[in-house]
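Peer 1: Got a file for you: coords_5.tsv, TSV, C-alpha atoms.
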chain	number	residue	atom	x	y	z
A	1	MET	CA	14.63	6.97	9.61
A	2	ASN	CA	16.40	3.70	9.04
A	3	SER	CA	19.49	4.27	11.12
A	4	PRO	CA	17.72	5.51	14.29
A	5	PHE	CA	15.51	2.48	13.91
A	6	LYS	CA	18.49	0.16	13.71
A	7	LEU	CA	20.10	1.89	16.66
A	8	ALA	CA	16.95	1.64	18.74
A	9	HIS	CA	16.54	-1.94	17.74
A	10	PHE	CA	20.07	-2.74	18.77
A	11	THR	CA	19.57	-0.99	22.10
A	12	LEU	CA	16.32	-2.83	22.71
A	13	VAL	CA	17.70	-6.24	21.91
A	14	SER	CA	20.80	-5.71	24.01
A	15	ALA	CA	18.70	-4.29	26.83
A	16	LEU	CA	16.47	-7.37	26.76
A	17	LEU	CA	19.52	-9.60	26.80
A	18	LEU	CA	20.83	-7.73	29.82
A	19	ALA	CA	17.41	-8.05	31.38
A	20	SER	CA	17.55	-11.81	31.25
A	21	TRP	CA	20.88	-11.60	33.04
A	22	GLY	CA	19.27	-9.59	35.77
A	23	THR	CA	16.33	-11.94	36.12
A	24	LEU	CA	18.58	-14.88	36.68
A	25	ALA	CA	19.98	-13.31	39.82
A	26	THR	CA	17.02	-11.42	41.26
A	27	ALA	CA	13.26	-11.71	40.88
A	28	ALA	CA	11.28	-10.26	38.02
A	29	GLN	CA	12.56	-7.10	36.44
A	30	PRO	CA	10.29	-4.12	36.86
A	31	ALA	CA	10.76	-3.57	33.18
A	32	LYS	CA	8.43	-1.31	31.30
A	33	GLY	CA	5.69	-3.24	29.51
A	34	LYS	CA	4.48	-2.86	25.97
A	35	PRO	CA	7.45	-4.31	24.18
A	36	ALA	CA	7.34	-3.84	20.47
A	37	THR	CA	5.89	-6.90	18.76
A	38	GLU	CA	8.96	-7.23	16.63
A	39	ALA	CA	11.23	-7.42	19.63
A	40	LYS	CA	8.83	-9.83	21.29
A	41	THR	CA	9.14	-12.42	18.59
A	42	GLU	CA	12.86	-12.02	18.32
A	43	THR	CA	13.49	-12.42	22.03
A	44	ALA	CA	10.57	-14.68	22.82
A	45	ALA	CA	12.87	-17.02	24.68
A	46	ALA	CA	14.13	-14.32	27.02
A	47	PRO	CA	12.69	-15.06	30.48
A	48	ALA	CA	12.30	-11.36	31.16
A	49	ALA	CA	9.33	-11.20	28.84
A	50	GLN	CA	7.19	-13.56	30.88
A	51	PRO	CA	6.91	-12.05	34.40
A	52	GLN	CA	6.36	-8.70	32.76
A	53	ALA	CA	3.01	-9.77	31.37
A	54	ALA	CA	1.89	-11.03	34.77
A	55	ILE	CA	2.72	-7.75	36.49
A	56	ALA	CA	1.25	-5.42	33.95
A	57	GLY	CA	-1.94	-7.46	33.48
A	58	SER	CA	-3.68	-4.89	31.28
A	59	GLU	CA	-0.90	-5.11	28.73
A	60	ALA	CA	-2.09	-8.61	27.91
A	61	ASN	CA	-5.55	-7.31	27.05
A	62	PRO	CA	-5.19	-4.29	24.82
A	63	PHE	CA	-8.49	-3.11	23.39
A	64	ASN	CA	-7.38	-3.69	19.80
A	65	ARG	CA	-5.36	-6.87	19.77
A	66	LEU	CA	-5.26	-7.68	16.06
A	67	MET	CA	-6.55	-4.57	14.35
A	68	ARG	CA	-3.73	-2.29	13.41
A	69	VAL	CA	-4.76	0.91	15.10
A	70	ALA	CA	-5.13	3.94	12.87
A	71	PRO	CA	-2.05	3.69	10.75
A	72	LYS	CA	-1.27	7.08	9.35
A	73	ARG	CA	-2.46	7.27	5.78
A	74	HIS	CA	-1.45	9.35	2.77
A	75	LEU	CA	1.87	10.41	4.25
A	76	PRO	CA	4.15	12.78	2.35
A	77	PRO	CA	6.74	10.91	0.26
A	78	ASP	CA	9.63	11.55	2.64
A	79	LYS	CA	7.72	9.88	5.48
A	80	ASP	CA	5.89	7.06	3.70
A	81	GLY	CA	8.51	4.39	4.25
A	82	ILE	CA	9.28	3.61	0.61
A	83	HIS	CA	10.91	6.84	-0.54
A	84	ASP	CA	14.44	7.74	0.47
A	85	PRO	CA	14.19	10.97	2.50
A	86	ALA	CA	17.86	11.67	1.81
A	87	ASN	CA	17.17	11.93	-1.93
A	88	ASP	CA	16.73	15.50	-3.21
A	89	GLY	CA	14.12	14.32	-5.74
A	90	THR	CA	11.92	12.94	-2.95
A	91	GLN	CA	11.45	16.45	-1.59
A	92	MET	CA	10.12	17.64	-4.94
A	93	LEU	CA	7.35	15.05	-5.23
A	94	GLN	CA	3.74	15.92	-4.59
A	95	THR	CA	2.05	14.98	-1.31
A	96	PRO	CA	-1.02	12.77	-1.86
A	97	LEU	CA	-3.25	14.90	0.38
A	98	GLU	CA	-2.44	18.02	-1.62
A	99	SER	CA	-3.78	16.28	-4.71
A	100	PHE	CA	-6.74	14.61	-3.00
A	101	GLY	CA	-7.92	17.74	-1.17
A	102	GLY	CA	-10.40	18.83	-3.82
A	103	LEU	CA	-11.56	15.34	-4.80
A	104	PRO	CA	-14.69	13.54	-3.55
A	105	LYS	CA	-13.91	11.15	-0.72
A	106	SER	CA	-14.84	7.49	-0.70
A	107	GLN	CA	-16.82	6.04	2.18
A	108	GLY	CA	-14.26	5.02	4.73
A	109	ASP	CA	-10.62	5.83	4.17
A	110	PHE	CA	-9.81	2.79	2.07
A	111	GLY	CA	-7.34	2.78	-0.79
A	112	ASN	CA	-6.58	6.36	-1.82
A	113	GLY	CA	-9.62	7.51	0.13
A	114	VAL	CA	-10.84	9.07	-3.11
A	115	ASP	CA	-14.01	8.14	-5.01
A	116	TRP	CA	-12.42	8.12	-8.44
A	117	VAL	CA	-15.75	7.44	-10.19
A	118	LYS	CA	-17.31	10.58	-8.72
A	119	ALA	CA	-14.12	12.56	-9.30
A	120	LEU	CA	-14.32	11.72	-12.99
A	121	ASP	CA	-18.09	12.12	-13.40
A	122	GLY	CA	-18.03	15.41	-11.52
A	123	GLY	CA	-15.30	16.77	-13.77
A	124	LYS	CA	-12.86	17.17	-10.87
A	125	ILE	CA	-10.24	15.32	-12.87
A	126	ASN	CA	-9.87	14.97	-16.59
A	127	PRO	CA	-7.54	12.06	-17.30
A	128	ARG	CA	-6.48	11.99	-20.93
A	129	TRP	CA	-7.65	9.09	-23.05
A	130	ASP	CA	-4.80	9.55	-25.47
A	131	ARG	CA	-1.14	10.23	-24.74
A	132	ASN	CA	-0.96	13.23	-27.08
A	133	ASP	CA	-4.50	14.34	-27.87
A	134	PRO	CA	-6.12	16.02	-24.86
A	135	LYS	CA	-9.51	16.01	-26.61
A	136	ALA	CA	-9.83	12.28	-27.36
A	137	LYS	CA	-12.81	10.72	-25.56
A	138	PRO	CA	-13.42	7.09	-24.65
A	139	VAL	CA	-16.18	5.10	-26.33
A	140	LEU	CA	-18.32	4.10	-23.38
A	141	MET	CA	-20.25	0.85	-23.22
A	142	ASP	CA	-23.28	0.85	-20.95
A	143	LEU	CA	-23.79	-2.84	-20.19
A	144	ASN	CA	-24.38	-4.08	-16.67
A	145	ILE	CA	-23.71	-7.69	-15.79
A	146	VAL	CA	-25.47	-8.90	-12.66
A	147	ARG	CA	-24.06	-11.89	-10.83
A	148	GLU	CA	-26.22	-13.52	-8.17
A	149	VAL	CA	-24.51	-14.61	-4.97
A	150	LYS	CA	-25.71	-17.45	-2.76
A	151	GLY	CA	-26.68	-16.71	0.84
A	152	SER	CA	-27.31	-13.33	2.36
A	153	MET	CA	-24.78	-11.30	0.36
A	154	PRO	CA	-26.35	-8.92	-2.17
A	155	GLY	CA	-25.58	-9.79	-5.78
A	156	VAL	CA	-22.73	-8.15	-7.68
A	157	GLY	CA	-23.32	-5.62	-10.40
A	158	PHE	CA	-20.50	-5.20	-12.89
A	159	PRO	CA	-20.94	-1.91	-14.75
A	160	HIS	CA	-19.14	-1.71	-18.09
A	161	LYS	CA	-19.72	2.04	-18.16
A	162	GLN	CA	-17.52	2.95	-15.20
A	163	HIS	CA	-14.84	0.58	-16.45
A	164	THR	CA	-14.76	1.76	-20.06
A	165	GLN	CA	-14.27	5.32	-18.79
A	166	TRP	CA	-10.81	4.21	-17.70
A	167	LEU	CA	-9.95	1.02	-19.52
A	168	ASP	CA	-9.79	-0.55	-22.95
A	169	CYS	CA	-11.75	-3.73	-23.69
A	170	SER	CA	-8.42	-5.48	-24.23
A	171	ASN	CA	-7.40	-4.76	-20.63
A	172	CYS	CA	-9.98	-7.33	-19.52
A	173	HIS	CA	-11.01	-9.38	-22.56
A	174	PRO	CA	-10.01	-12.13	-22.99
A	175	ALA	CA	-7.04	-12.39	-20.59
A	176	ILE	CA	-8.95	-11.73	-17.35
A	177	PHE	CA	-12.57	-12.40	-18.41
A	178	LEU	CA	-14.08	-14.22	-21.38
A	179	PRO	CA	-16.61	-11.77	-22.87
A	180	GLN	CA	-19.64	-13.90	-22.19
A	181	LYS	CA	-22.09	-13.57	-19.35
A	182	GLY	CA	-21.58	-16.32	-16.78
A	183	ALA	CA	-18.58	-17.86	-18.57
A	184	ASN	CA	-16.19	-16.87	-15.81
A	185	GLN	CA	-15.88	-18.43	-12.39
A	186	ILE	CA	-15.37	-15.62	-9.91
A	187	SER	CA	-15.15	-15.99	-6.15
A	188	MET	CA	-14.17	-13.75	-3.27
A	189	ALA	CA	-11.22	-16.04	-2.56
A	190	ALA	CA	-9.85	-15.51	-6.07
A	191	ILE	CA	-10.39	-11.75	-5.79
A	192	MET	CA	-8.42	-11.54	-2.56
A	193	LEU	CA	-5.59	-13.46	-4.18
A	194	GLY	CA	-5.39	-10.75	-6.83
A	195	GLN	CA	-7.18	-12.61	-9.62
A	196	LYS	CA	-10.29	-11.63	-11.65
A	197	CYS	CA	-11.71	-8.37	-10.25
A	198	GLY	CA	-8.80	-8.50	-7.76
A	199	VAL	CA	-6.25	-7.73	-10.47
A	200	CYS	CA	-7.24	-4.06	-10.09
A	201	HIS	CA	-9.46	-3.95	-6.98
A	202	GLY	CA	-6.89	-4.28	-4.21
A	203	THR	CA	-3.97	-2.77	-6.10
A	204	VAL	CA	-5.07	0.42	-7.90
A	205	ALA	CA	-8.89	0.62	-8.09
A	206	PHE	CA	-10.97	0.78	-4.85
A	207	PRO	CA	-10.03	-2.17	-2.60
A	208	VAL	CA	-12.01	-5.19	-1.43
A	209	ALA	CA	-12.91	-3.53	1.88
A	210	GLU	CA	-15.56	-1.48	0.08
A	211	CYS	CA	-17.96	-4.45	-0.22
A	212	ARG	CA	-21.05	-2.40	-1.02
A	213	ARG	CA	-19.68	-0.85	-4.14
A	214	CYS	CA	-19.67	-4.28	-5.82
A	215	HIS	CA	-22.36	-6.05	-3.78
A	216	ASP	CA	-25.01	-3.47	-4.55
A	217	LYS	CA	-27.92	-5.60	-5.81
A	218	ALA	CA	-30.58	-5.86	-3.11
A	219	LYS	CA	-32.09	-9.31	-2.63
A	220	PRO	CA	-35.84	-9.71	-2.88
A	221	VAL	CA	-35.70	-11.88	0.26
A	222	ALA	CA	-33.78	-9.31	2.22
A	223	ALA	CA	-36.22	-6.63	1.10
A	224	LYS	CA	-39.11	-8.66	2.46
A	225	THR	CA	-37.59	-9.09	5.90
A	226	GLU	CA	-36.82	-5.40	6.02
A	227	ALA	CA	-40.42	-4.54	5.17
A	228	LYS	CA	-41.81	-6.43	8.18
B	1	MET	CA	28.65	-4.37	33.45
B	2	PRO	CA	25.74	-6.80	33.96
B	3	SER	CA	26.52	-7.00	37.67
B	4	LEU	CA	26.45	-3.22	37.85
B	5	ILE	CA	23.00	-3.26	36.36
B	6	ARG	CA	21.86	-5.95	38.74
B	7	ARG	CA	23.22	-4.45	41.91
B	8	THR	CA	22.90	-0.71	41.71
B	9	LEU	CA	19.71	1.26	41.70
B	10	ILE	CA	21.12	3.69	39.22
B	11	GLY	CA	21.98	0.77	36.94
B	12	ARG	CA	18.39	-0.44	37.13
B	13	MET	CA	17.02	2.99	36.38
B	14	LEU	CA	19.35	3.46	33.49
B	15	PHE	CA	18.37	0.07	32.17
B	16	VAL	CA	14.64	0.76	32.42
B	17	GLY	CA	15.24	4.14	30.83
B	18	THR	CA	16.98	2.63	27.84
B	19	LEU	CA	14.21	0.10	27.45
B	20	VAL	CA	11.50	2.76	27.51
B	21	LEU	CA	13.42	4.85	25.04
B	22	ALA	CA	14.02	1.85	22.83
B	23	THR	CA	10.32	0.89	22.72
B	24	ALA	CA	9.43	4.47	21.91
B	25	PHE	CA	11.70	4.40	18.88
B	26	VAL	CA	10.61	1.10	17.45
B	27	ASP	CA	7.90	1.70	14.89
B	28	THR	CA	5.83	-1.47	14.72
B	29	ARG	CA	3.53	-0.10	12.07
B	30	PRO	CA	4.15	-1.10	8.47
B	31	ALA	CA	5.25	1.58	6.09
B	32	MET	CA	2.21	3.40	4.76
B	33	ALA	CA	3.04	4.20	1.21
B	34	GLU	CA	0.17	5.57	-0.83
B	35	TYR	CA	-2.20	2.92	-2.22
B	36	GLY	CA	-1.11	1.87	-5.69
B	37	ASP	CA	2.51	3.05	-5.47
B	38	VAL	CA	4.70	0.61	-7.40
B	39	ILE	CA	8.35	0.06	-6.54
B	40	MET	CA	10.45	-1.27	-9.39
B	41	ASN	CA	13.72	-2.83	-8.40
B	42	ASN	CA	14.67	-5.54	-10.85
B	43	ASN	CA	18.05	-4.05	-11.65
B	44	SER	CA	18.28	-0.67	-9.93
B	45	ASP	CA	19.88	-1.79	-6.68
B	46	ALA	CA	22.36	-3.99	-8.49
B	47	ALA	CA	23.32	-1.06	-10.72
B	48	GLY	CA	23.80	1.25	-7.73
B	49	MET	CA	20.65	3.31	-8.32
B	50	ARG	CA	17.79	3.74	-5.87
B	51	PRO	CA	14.71	1.73	-6.88
B	52	ALA	CA	12.24	3.56	-9.14
B	53	VAL	CA	8.87	4.52	-7.60
B	54	PHE	CA	5.78	4.90	-9.79
B	55	PRO	CA	2.78	6.68	-8.18
B	56	HIS	CA	-0.52	5.48	-9.72
B	57	TRP	CA	-2.60	8.13	-7.97
B	58	PHE	CA	-0.55	10.92	-9.51
B	59	HIS	CA	-0.72	9.53	-13.04
B	60	ARG	CA	-4.41	8.52	-13.02
B	61	VAL	CA	-5.37	12.12	-12.39
B	62	ARG	CA	-3.74	12.90	-15.75
B	63	TYR	CA	-4.16	9.73	-17.80
B	64	SER	CA	-6.64	6.88	-18.00
B	65	CYS	CA	-5.34	3.37	-17.41
B	66	LYS	CA	-5.84	2.63	-21.09
B	67	VAL	CA	-3.01	4.92	-22.21
B	68	CYS	CA	-0.38	2.98	-20.27
B	69	HIS	CA	-1.90	-0.46	-20.05
B	70	ALA	CA	-3.21	-0.75	-23.60
B	71	ASP	CA	-1.42	1.82	-25.83
B	72	LEU	CA	2.02	1.69	-24.18
B	73	GLY	CA	1.85	-1.99	-23.31
B	74	PHE	CA	2.53	-1.94	-19.56
B	75	LYS	CA	1.43	-5.38	-18.33
B	76	PHE	CA	-0.54	-5.57	-15.07
B	77	LYS	CA	2.40	-6.87	-13.11
B	78	ALA	CA	4.78	-4.97	-10.86
B	79	GLY	CA	8.26	-5.66	-12.18
B	80	GLY	CA	6.82	-7.67	-15.05
B	81	ASN	CA	7.77	-5.39	-17.92
B	82	ASN	CA	11.55	-5.65	-18.01
B	83	ILE	CA	11.93	-1.90	-18.07
B	84	ASP	CA	15.47	-0.57	-18.40
B	85	MET	CA	17.03	2.79	-19.22
B	86	LEU	CA	17.79	1.94	-22.84
B	87	LYS	CA	14.09	1.36	-23.53
B	88	ILE	CA	13.16	4.53	-21.65
B	89	MET	CA	15.68	6.59	-23.62
B	90	ASP	CA	14.27	5.16	-26.82
B	91	GLY	CA	10.78	6.35	-25.95
B	92	GLN	CA	9.26	3.18	-24.58
B	93	TYR	CA	7.48	2.77	-21.24
B	94	CYS	CA	8.10	5.79	-18.98
B	95	GLY	CA	10.07	7.32	-21.84
B	96	ALA	CA	6.93	7.66	-23.98
B	97	CYS	CA	6.02	10.65	-21.81
B	98	HIS	CA	9.11	11.54	-19.81
B	99	ASN	CA	10.79	12.94	-22.89
B	100	GLY	CA	10.82	16.68	-22.27
B	101	THR	CA	7.75	17.19	-24.49
B	102	ILE	CA	4.86	15.66	-22.55
B	103	ALA	CA	6.52	15.51	-19.13
B	104	TRP	CA	9.93	16.33	-17.67
B	105	SER	CA	12.68	14.35	-19.26
B	106	VAL	CA	14.85	11.45	-18.37
B	107	GLU	CA	17.83	13.32	-16.94
B	108	ASN	CA	15.84	13.95	-13.74
B	109	CYS	CA	17.05	10.63	-12.39
B	110	ASN	CA	16.18	11.26	-8.78
B	111	LEU	CA	12.50	12.00	-9.37
B	112	CYS	CA	11.97	8.39	-10.50
B	113	HIS	CA	14.82	6.74	-8.61
B	114	SER	CA	13.57	7.93	-5.24
B	115	GLY	CA	12.99	4.64	-3.41
B	116	LYS	CA	14.77	3.50	-0.28
B	117	PRO	CA	17.71	1.37	-1.34
B	118	GLY	CA	16.95	-2.30	-0.85
B	119	THR	CA	13.17	-2.01	-1.15
B	120	PRO	CA	11.94	-4.98	-3.20
B	121	THR	CA	9.75	-4.75	-6.31
B	122	GLN	CA	6.12	-4.55	-5.25
B	123	VAL	CA	2.85	-2.71	-5.53
B	124	HIS	CA	1.68	-1.22	-2.31
B	125	GLU	CA	-1.60	-2.87	-1.43
B	126	SER	CA	-4.26	-1.91	0.98
B	127	LYS	CA	-3.12	-4.23	3.68
B	128	SER	CA	-4.20	-2.12	6.60
B	129	HIS	CA	-7.39	-4.10	6.93
B	130	GLU	CA	-6.03	-7.46	5.99
B	131	LEU	CA	-4.75	-9.42	8.93
B	132	LEU	CA	-4.38	-12.90	7.57
B	133	ASN	CA	-2.35	-13.43	4.48
B	134	PRO	CA	0.05	-10.52	4.70
B	135	ALA	CA	1.23	-11.36	1.23
B	136	LYS	CA	4.43	-9.38	1.33
B	137	PRO	CA	6.66	-8.32	4.22
B	138	PRO	CA	6.38	-4.75	5.46
B	139	VAL	CA	8.32	-2.32	3.38
B	140	GLY	CA	11.52	-0.67	4.42
B	141	LYS	CA	12.59	-3.11	7.11
B	142	LYS	CA	14.73	-6.02	6.20
Let me see the file written as C-alpha cells.

Peer 2:
Amino acid sequence: MNSPFKLAHFTLVSALLLASWGTLATAAQPAKGKPATEAKTETAAAPAAQPQAAIAGSEANPFNRLMRVAPKRHLPPDKDGIHDPANDGTQMLQTPLESFGGLPKSQGDFGNGVDWVKALDGGKINPRWDRNDPKAKPVLMDLNIVREVKGSMPGVGFPHKQHTQWLDCSNCHPAIFLPQKGANQISMAAIMLGQKCGVCHGTVAFPVAECRRCHDKAKPVAAKTEAK
Amino acid sequence: MPSLIRRTLIGRMLFVGTLVLATAFVDTRPAMAEYGDVIMNNNSDAAGMRPAVFPHWFHRVRYSCKVCHADLGFKFKAGGNNIDMLKIMDGQYCGACHNGTIAWSVENCNLCHSGKPGTPTQVHESKSHELLNPAKPPVGKK
C-alpha cells in the first residue's frame, strides 16, 4: 500500500513538473482535472494547475468542498492504514465489523458505530469487572448531575450509572472532576481539546458528534415554543 | 524528453495517461483505523520492531475500562505509560493478561507489533467530522 502510493506520488509530481514545461511552450495543457489535494499543495506554484481550473469549471465547485466524503469506516486491519499488511499477525486479527455485527448500532456511524450502553444493558456483551473473576459485578451509583447550558442548547445530563458500569470512581475523581456538583468548569471548547468529558468522549467512548446523548435535557422554553 | 512530450501527440497522450493514472492511485483520504485504536511507538521503531497496536473496541467487549485503567494502572494517555517488554514479561501492563493463562502469551510478537513501521504514537480519534483543528497528521503517510 505504501510503495504503490510512493510510486504514484513520484509519477504525479514528475508529471506535473513536465506539465509546466509544456505550458511554457504551448497554451494550457489539456490535463485531466481533479488533482489530488496533496499534489495540489505541493505543486501549487506549477503554472499548469491554474488554467486547468478555468477549463474544467465544475472542478472548482464540487458539491462537498470541505466535508470528507464517506470515508470507509471499520476497515479490516490489513486495510485500515495503521497495521502493516505484510505482517503475518495482522492477518490473524479480528475485523471490527465481525465483532460489531450483533451489537446495537448508535445513531449515525460515529465512533465505533456501536451503542455500547445498549450493548451492555441488553446483555450483548459481558465485559469482566475483574481481571480474573468472571462473576465480579460493579457497584453502580445512580446519581444524575444536570448542568444547565445558556442559550438554546438543551442542558447536559451526566449519569453516574452508565459510567460506573464501566469505570471506577478513581478514573474521574479527583483528577478529572472534583466530586462536587458545580465545582468543575466544563465547556465544549475544553471537551474538544480532549479535557474533562473529552478525555474519553472523542477517544474511546462515543464522540462529540453525538450531541444529543449528552445534551438531552429539554428546556422549558423550547417546550413552550414547540407547543404553539 | 520534455520536447517529445510537447511536440508529439503520442507524447501528450502518454502524459495525460500517466497523470490520470497517478491521480487514481493517490489516496487523499486519511487512514481510517478503528475508533479508539492506540498505536504505541515510544521505543519499538528504534528497536527494530513494528509499533504495537492496541484495539480498545476488542478489549472493551471483554473487560471494563476499570480493569486496565484502575486495577492495572494504565494512565489515560497514549504512550504515557512507559511500557516496555521487561515490564510485560514480568506481568505488568499487557503482560497482566497476555501471559498464556488469561490470553495468549507474549511470544506472539506479531499480534501486538502489527503497526506500520514509522507510525507515531497516537490514539485514533474520530476526526472524520472534524475539519478545523486536525490535531494530528493523517496516519501512515509521512

Peer 1: Have a look at A:Cys172, A:Gln195, A:Leu103, A:Met153 and name the one nearest to Asp121 in chain A; count all atoms listed in the file.

Peer 2: A:Leu103

Peer 1: With distances taken over only C-alpha atoms, which of A:Lys124, A:Arg147, A:Lys79, A:Arg131 is nearest to His69 in chain B?

Peer 2: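 The closest residue to His69 in chain B is A:Arg131.
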
Peer 1: What box, with edges along x, y and z, holds each listed atom of range 106-123 of chain B when 4 Å is added on every side, and can you state its centre and edge lengths in Å to one decimal, as JSON?

Peer 2:
{"center_x": 10.3, "center_y": 4.5, "center_z": -9.3, "size_x": 23.0, "size_y": 26.9, "size_z": 26.1}

Peer 1: Could you build a table of the residues in range 61-94 of chain B lying no more than 10 Å from range 109-128 of chain B, giving for each the nearest pair of atoms and their separation in Å rounded to one decimal place, using all atoms listed in the file, ordered by chain and ascending residue number, as CSV?

Peer 2:
residue,atom,partner,partner_atom,distance
B:Lys77,CA,B:Val123,CA,8.7
B:Ala78,CA,B:Gln122,CA,5.8
B:Gly79,CA,B:Thr121,CA,6.1
B:Gly80,CA,B:Thr121,CA,9.7
B:Cys94,CA,B:Cys112,CA,9.7

Peer 1: Pick out the residues sitting within 12 Å of Ala205 in chain A, and hand them over as a VMD selection string; count all atoms listed in the file, and ignore anything fewer than 3 positions along from it in its own chain.

Peer 2: (chain A and resid 106 110 to 117 162 to 163 166 to 167 194 197 to 202 208 to 210 213) or (chain B and resid 35 to 37 56 to 57 60 64 to 65 125 to 126)

Peer 1: If we count all atoms listed in the file, which residues of chain A reach to within 6 Å of chain B? Please list them as an NGL selection string.

Peer 2: :A and (8 or 12 or 22 or 31 or 74 or 80-84 or 89-90 or 111-112 or 125 or 127-130 or 166-168 or 203-204)

Peer 1: State, in Å with one decimal place, the distance from CA of Gly95 in chain B to CA of Asn171 in chain A.

Peer 2: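 One can read the CA of Gly95 in chain B to CA of Asn171 in chain A distance as 21.3 Å.
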
Peer 1: Could you check which of B:Met40, B:Val106, B:Phe74, B:Gly100 is closest to Ile88 in chain B, using all atoms listed in the file?

Peer 2: B:Val106

Peer 1: To one decimal place, how far is CA of Asn144 in chain A from CA of Pro159 in chain A in Å?

Peer 2: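 Separation between CA of Asn144 in chain A and CA of Pro159 in chain A: 4.5 Å.
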
Peer 1: Between CA of Lys196 in chain A and CA of Phe177 in chain A, measure the distance and give it in Å to one decimal.

Peer 2: 7.2 Å

Peer 1: Contacts of range 137-143 of chain A at 6 Å or less, counting only C-alpha atoms, minus same-chain residues fewer than 6 places along, as a ChimeraX atom specification?

Peer 2: /A:129,160-161,164
